[in-house]
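K.L.:
Here it is, the structure in full.
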Amino acid sequence: METIDCIFCGSNGKPDPVVIRENSYEGHQCPSCNLIYISPRPSAHDIASLYAHDEAKTNAAVLEGDEYSRRLAARHTLRILRSQKPTGSLLEIGAGMGFFCDEARSNGYTPHAIELNRTQAQHILSLGIPVDRRPLAKAFAGMTFDIIYHCDVLSHFTDPIAEFKAAASRLGPGGLLMFETGNFGDVHGRYHRLIRSFQYPDHLFFFSRASLRLLLDRSGLKMLKVSRYSRLAEMTIQRQLGKGDFGGGALPSSASPSWVGNLKKLVRHGLVYRLGALYPLKQAPQTLIVIAVPN
């Protein structure tokens with residue numbers, strides 16, 4: 001276990017207040033930038049082992065059962081990407097089962113994947129997509145990319161600033177970084193009741209608008225575009241059904257293979273990416289899709 005302070009603001013001489021307690025872990029919130037971070041937390045080695053051995057909550061079986069939802073979300077994200085960069089080489093960090101890379105290839109991109117999980121990496125290979133099981137600093141040595149992308153991975157990085165600096169260094173001329181994450185650092189406490197699990201210690205950080213801008217600035221990047229989607233309607237309905245869960249991607253998991261299950265996933269997709277786009281309340285839970293470019 002290791003103890004940390006806010007990665008942007010440091011220590012102000014006393015511990016930041018605890019706003020989340022789960023699974024014997026504490027989430028502290030910085031009063032200056034609203035970043036929420038676990039401290040004490042598992043070591044970087046233990047966290048890497050969690051994913052490599054398929055012990056994270058969102059494991060290979062969960063991802064495989066959620067293929068329909070994830071492909072729907074991927075198609076939405078790719079429509080945004082095409083408006084900025086319609087073709088090019090693409091690297092996805094934390095590619096899961098490879099569904100986004102597969103959809104990107106269908107849209108004319110040349111995908112590559114980083115995935116630490118052996119089971120998931122093997123599935124990506126079975127799709128005919130190059131995959132590397134090493135971190136970004138070592139993966140696909142010597143290569144640069146037109147697009148680097150990750151979805152719901154930011155909260156899992158042990159050192160987000162170092163990872164974003166590494167991503168910026170691997171972008172080719174005119175390249176961009178695109179990522180999806182939540183805004184939980186900005187979420188008002190009254191919405192905590194909608195959340196059954198924060199997935200501690202899988203999640204190490206929850207970001208706010210201010211801390212995201214600090215992250216980009218300290219990584220040599222600037223925000224080009226951000227799309228915001230409220231999850232309030234989706235999470236309220238899920239809570240009523242007893243399935244409120246903040247983690248595990250933009251849409252909750254459901255392994256039902258039937259057309260009824262897929263219909264439910266389609267409705268959830270519409271609640272987030274259609275209805276949610278109309279009413280992205282600032283202090284309510286949101287999914288963010290961010291595009292950034294080097295300064």
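If you're wondering about the labels, chains in the structure tokens are A, B, ... by order shown, residues count from 1 in each chain, ligands from 1 in order shown.
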Wanna dump the range 138-256 of chain A-range 278-283 of chain A contacts at 8 Å for me, each residue with its shortest atom pair and the distance in Å to one decimal, counting only C-alpha atoms, ordered by chain and number, as JSON lines?
P.N.:
```
{"residue": "A:Asp186", "atom": "CA", "partner": "A:Gln283", "partner_atom": "CA", "distance": 5.6}
{"residue": "A:Val187", "atom": "CA", "partner": "A:Gln283", "partner_atom": "CA", "distance": 4.5}
{"residue": "A:His188", "atom": "CA", "partner": "A:Gln283", "partner_atom": "CA", "distance": 5.3}
{"residue": "A:Arg228", "atom": "CA", "partner": "A:Pro280", "partner_atom": "CA", "distance": 6.0}
{"residue": "A:Tyr229", "atom": "CA", "partner": "A:Pro280", "partner_atom": "CA", "distance": 5.4}
{"residue": "A:Ser230", "atom": "CA", "partner": "A:Pro280", "partner_atom": "CA", "distance": 4.4}
```
K.L.:
Would you put the residues from that selection into a file with C-alpha atoms, as a compact mmCIF listing (two decimals), in the first residue's frame?
P.N.:
```
# COMPACT_ATOMS: atom_id res chain seq x y z
CA ASP A 186 -17.89 17.29 -10.07
CA VAL A 187 -20.87 15.16 -9.01
CA HIS A 188 -22.90 16.51 -6.09
CA ARG A 228 -21.01 15.59 -22.44
CA TYR A 229 -23.77 13.05 -21.82
CA SER A 230 -25.80 12.96 -18.63
```
K.L.:
Near Ala137 in chain A, within 12 Å and counting only C-alpha atoms, which residues show up once chain neighbours fewer than 3 positions away are dropped, as a ChimeraX atom specification?
P.N.:
/A:93,114,132-134,140-144,162-170
K.L.:
Would you write out, as a tab-separated table, a table of all residues in range 177-201 of chain A that have an atom no more than 10 Å from an atom of range 69-81 of chain A, listing for each the closest atom pair and the distance in Å to one decimal, considering only C-alpha atoms and ordering rows by chain and rising residue number?
P.N.:
```
residue	atom	partner	partner_atom	distance
A:Met178	CA	A:Leu81	CA	8.0
A:Phe179	CA	A:Thr77	CA	9.5
A:Glu180	CA	A:Thr77	CA	8.9
```
K.L.:
List the spatial neighbours of range 213-223 of chain A as a ChimeraX atom specification - criterion: any atom at most 7 Å away, only C-alpha atoms, same-chain residues fewer than 6 positions off excluded.
P.N.:
/A:161,164-165,291-295
K.L.:
Selected residues, C-alpha atoms, written as a CSV table (one decimal), in the first residue's frame, please.
P.N.:
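Output saved as part28.csv:
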```csv
chain,number,residue,atom,x,y,z
A,161,ILE,CA,0.2,12.5,-16.0
A,164,PHE,CA,-0.8,11.2,-21.0
A,165,LYS,CA,2.8,12.5,-21.6
A,291,ILE,CA,-10.5,15.1,-27.9
A,292,ALA,CA,-7.1,16.7,-27.2
A,293,VAL,CA,-4.1,17.7,-29.3
A,294,PRO,CA,-0.5,18.6,-28.5
A,295,ASN,CA,0.2,22.2,-27.6
```
K.L.:
Taking the chain letters and numbering used in this document, name the residues of range 123-252 of chain A that DSSP puts in helix (DSSP H, G or I), as number ranges by chain.
P.N.:
A: 123-126, 154-156, 160-169, 184-186, 189-194, 209-218, 232-240
K.L.:
Between CA of Gln120 in chain A and CA of His150 in chain A, what distance in Å does the model show, to one decimal?
P.N.:
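Going from CA of Gln120 in chain A over to CA of His150 in chain A, I get 15.3 Å.
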K.L.:
So which residues touch Ser211 in chain A within 10 Å, counting only C-alpha atoms, skipping near sequence neighbours fewer than 6 positions away, as a list in words?
P.N.:
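The filter keeps Cys6, Ile7, Phe8, Cys9, Cys30, Ser32, Cys33, Asn34, Leu35, Ile36, Asn183, Gly185, Asp186 and Asp217 of chain A.
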K.L.:
If you count only C-alpha atoms, which residues fall within 10 Å of Ala44 in chain A, apart from same-chain ones fewer than 2 positions away, as a PyMOL selection string?
P.N.:
chain A and resi 1-2+41-42+46-50+157-159
K.L.:
Those residues with N, CA and C atoms, as a PDB file, in the first residue's frame please?
P.N.:
```pdb
ATOM      1  N   MET A   1       0.839  -1.186   0.000  1.00  0.00           N
ATOM      2  CA  MET A   1       0.000   0.000   0.000  1.00  0.00           C
ATOM      3  C   MET A   1       0.882   1.246   0.000  1.00  0.00           C
ATOM      4  N   GLU A   2       0.416   2.266  -0.712  1.00  0.00           N
ATOM      5  CA  GLU A   2       1.155   3.522  -0.746  1.00  0.00           C
ATOM      6  C   GLU A   2       0.196   4.682  -0.500  1.00  0.00           C
ATOM      7  N   ARG A  41      -3.366   3.257  -1.242  1.00  0.00           N
ATOM      8  CA  ARG A  41      -3.833   2.467  -2.374  1.00  0.00           C
ATOM      9  C   ARG A  41      -2.858   1.331  -2.656  1.00  0.00           C
ATOM     10  N   PRO A  42      -3.281   0.322  -3.428  1.00  0.00           N
ATOM     11  CA  PRO A  42      -2.361  -0.757  -3.787  1.00  0.00           C
ATOM     12  C   PRO A  42      -1.193  -0.223  -4.608  1.00  0.00           C
ATOM     13  N   ASP A  46       0.800  -4.329  -7.905  1.00  0.00           N
ATOM     14  CA  ASP A  46      -0.411  -5.075  -7.560  1.00  0.00           C
ATOM     15  C   ASP A  46      -1.564  -4.716  -8.479  1.00  0.00           C
ATOM     16  N   ILE A  47      -1.646  -3.443  -8.858  1.00  0.00           N
ATOM     17  CA  ILE A  47      -2.713  -3.009  -9.760  1.00  0.00           C
ATOM     18  C   ILE A  47      -2.532  -3.638 -11.140  1.00  0.00           C
ATOM     19  N   ALA A  48      -1.296  -3.653 -11.652  1.00  0.00           N
ATOM     20  CA  ALA A  48      -1.035  -4.278 -12.949  1.00  0.00           C
ATOM     21  C   ALA A  48      -1.374  -5.758 -12.912  1.00  0.00           C
ATOM     22  N   SER A  49      -1.071  -6.414 -11.791  1.00  0.00           N
ATOM     23  CA  SER A  49      -1.371  -7.843 -11.650  1.00  0.00           C
ATOM     24  C   SER A  49      -2.878  -8.092 -11.663  1.00  0.00           C
ATOM     25  N   LEU A  50      -3.655  -7.159 -11.105  1.00  0.00           N
ATOM     26  CA  LEU A  50      -5.109  -7.282 -11.073  1.00  0.00           C
ATOM     27  C   LEU A  50      -5.668  -7.452 -12.479  1.00  0.00           C
ATOM     28  N   PHE A 157      -5.379   4.486 -14.281  1.00  0.00           N
ATOM     29  CA  PHE A 157      -3.948   4.770 -14.380  1.00  0.00           C
ATOM     30  C   PHE A 157      -3.374   5.076 -12.996  1.00  0.00           C
ATOM     31  N   THR A 158      -2.233   4.471 -12.661  1.00  0.00           N
ATOM     32  CA  THR A 158      -1.569   4.806 -11.397  1.00  0.00           C
ATOM     33  C   THR A 158      -0.911   6.177 -11.477  1.00  0.00           C
ATOM     34  N   ASP A 159      -0.474   6.584 -12.672  1.00  0.00           N
ATOM     35  CA  ASP A 159       0.163   7.889 -12.867  1.00  0.00           C
ATOM     36  C   ASP A 159      -0.405   8.510 -14.140  1.00  0.00           C
TER      37      ASP A 159
END
```
K.L.:
Between A:Leu194, A:Leu204, A:Leu288, A:Leu224, which is the closest to Ile38 in chain A once you count only C-alpha atoms?
P.N.:
A:Leu204
K.L.:
Return the single residue from A:Tyr191, A:Phe184, A:Gln122, A:Ile20 that is closest to Ala210 in chain A, with distances computed using only C-alpha atoms.
P.N.:
A:Phe184
K.L.:
Between CA of Pro31 in chain A and CA of Thr3 in chain A, what is the spacing in Å?
P.N.:
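Computing it gives 17.9 Å between the two atoms.
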K.L.:
Could you tell me how far CA of Leu171 in chain A lies from CA of Phe145 in chain A, in Å and to one decimal?
P.N.:
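A separation of 5.1 Å between them.
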K.L.:
I'd like to know which residues of range 24-177 of chain A are strand (DSSP E) (by DSSP, run on the backbone); could you write them as a ChimeraX atom specification?
P.N.:
/A:25-29,36-38,88-93,109-114,131-132,145-151,171-177
K.L.:
Put those residues in a file: N, CA and C atoms, as a compact mmCIF listing (two decimals), in the first residue's frame.
P.N.:
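Here's the written file again_38.txt:
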```txt
# COMPACT_ATOMS: atom_id res chain seq x y z
N TYR A 25 -11.25 0.99 1.43
CA TYR A 25 -10.48 2.06 0.81
C TYR A 25 -11.19 3.39 1.01
N GLU A 26 -10.40 4.48 0.98
CA GLU A 26 -10.94 5.82 1.15
C GLU A 26 -10.61 6.68 -0.06
N GLY A 27 -11.63 7.36 -0.57
CA GLY A 27 -11.44 8.30 -1.66
C GLY A 27 -11.41 9.71 -1.12
N HIS A 28 -10.26 10.38 -1.21
CA HIS A 28 -10.09 11.75 -0.74
C HIS A 28 -10.39 12.71 -1.89
N GLN A 29 -10.94 13.87 -1.59
CA GLN A 29 -11.22 14.87 -2.63
C GLN A 29 -10.44 16.14 -2.36
N ILE A 36 -10.73 13.25 -7.06
CA ILE A 36 -10.92 12.24 -6.02
C ILE A 36 -9.91 11.13 -6.26
N TYR A 37 -9.18 10.75 -5.21
CA TYR A 37 -8.12 9.76 -5.35
C TYR A 37 -8.10 8.83 -4.14
N ILE A 38 -7.77 7.55 -4.38
CA ILE A 38 -7.62 6.59 -3.29
C ILE A 38 -6.28 6.80 -2.59
N GLY A 88 -6.73 6.99 -40.64
CA GLY A 88 -5.42 7.00 -40.01
C GLY A 88 -5.19 5.80 -39.13
N SER A 89 -3.98 5.73 -38.58
CA SER A 89 -3.62 4.65 -37.66
C SER A 89 -4.17 5.00 -36.28
N LEU A 90 -4.65 3.97 -35.59
CA LEU A 90 -5.31 4.17 -34.30
C LEU A 90 -4.78 3.17 -33.29
N LEU A 91 -4.42 3.66 -32.12
CA LEU A 91 -4.00 2.80 -31.02
C LEU A 91 -4.99 2.95 -29.87
N GLU A 92 -5.57 1.82 -29.44
CA GLU A 92 -6.45 1.85 -28.28
C GLU A 92 -5.71 1.28 -27.08
N ILE A 93 -5.71 2.02 -25.98
CA ILE A 93 -5.12 1.59 -24.72
C ILE A 93 -6.21 0.95 -23.87
N TYR A 109 -10.15 2.87 -40.37
CA TYR A 109 -8.93 3.12 -39.60
C TYR A 109 -8.07 1.85 -39.54
N THR A 110 -6.80 2.05 -39.22
CA THR A 110 -5.88 0.93 -39.05
C THR A 110 -5.60 0.76 -37.57
N PRO A 111 -6.26 -0.22 -36.91
CA PRO A 111 -6.21 -0.30 -35.45
C PRO A 111 -5.04 -1.12 -34.92
N HIS A 112 -4.59 -0.72 -33.73
CA HIS A 112 -3.65 -1.47 -32.92
C HIS A 112 -4.17 -1.41 -31.48
N ALA A 113 -3.82 -2.40 -30.67
CA ALA A 113 -4.38 -2.48 -29.33
C ALA A 113 -3.30 -2.74 -28.29
N ILE A 114 -3.48 -2.11 -27.14
CA ILE A 114 -2.73 -2.45 -25.93
C ILE A 114 -3.72 -3.07 -24.95
N VAL A 131 -1.86 -6.65 -31.27
CA VAL A 131 -2.03 -6.32 -29.86
C VAL A 131 -0.70 -6.47 -29.14
N ASP A 132 -0.47 -5.60 -28.17
CA ASP A 132 0.74 -5.64 -27.34
C ASP A 132 0.28 -5.66 -25.89
N PHE A 145 1.26 7.17 -33.93
CA PHE A 145 -0.11 6.93 -34.37
C PHE A 145 -0.82 8.25 -34.64
N ASP A 146 -1.78 8.19 -35.54
CA ASP A 146 -2.59 9.37 -35.83
C ASP A 146 -3.60 9.63 -34.71
N ILE A 147 -4.06 8.55 -34.09
CA ILE A 147 -5.06 8.66 -33.01
C ILE A 147 -4.66 7.70 -31.89
N ILE A 148 -4.68 8.18 -30.67
CA ILE A 148 -4.58 7.31 -29.49
C ILE A 148 -5.88 7.47 -28.72
N TYR A 149 -6.48 6.35 -28.37
CA TYR A 149 -7.82 6.36 -27.77
C TYR A 149 -7.86 5.43 -26.57
N HIS A 150 -8.64 5.82 -25.56
CA HIS A 150 -8.98 4.89 -24.48
C HIS A 150 -10.33 5.26 -23.90
N CYS A 151 -11.04 4.24 -23.42
CA CYS A 151 -12.38 4.40 -22.88
C CYS A 151 -12.44 3.86 -21.45
N LEU A 171 2.14 10.45 -30.59
CA LEU A 171 1.28 10.96 -31.66
C LEU A 171 2.14 11.47 -32.82
N GLY A 172 1.74 11.10 -34.04
CA GLY A 172 2.41 11.61 -35.21
C GLY A 172 1.97 13.04 -35.51
N PRO A 173 2.53 13.66 -36.54
CA PRO A 173 2.13 15.03 -36.92
C PRO A 173 0.62 15.11 -37.15
N GLY A 174 -0.01 16.08 -36.53
CA GLY A 174 -1.45 16.23 -36.67
C GLY A 174 -2.26 15.22 -35.89
N GLY A 175 -1.61 14.45 -35.01
CA GLY A 175 -2.31 13.40 -34.27
C GLY A 175 -3.15 13.96 -33.14
N LEU A 176 -4.06 13.13 -32.64
CA LEU A 176 -4.93 13.56 -31.55
C LEU A 176 -5.14 12.42 -30.55
N LEU A 177 -5.41 12.82 -29.33
CA LEU A 177 -5.76 11.90 -28.25
C LEU A 177 -7.26 12.02 -28.01
```
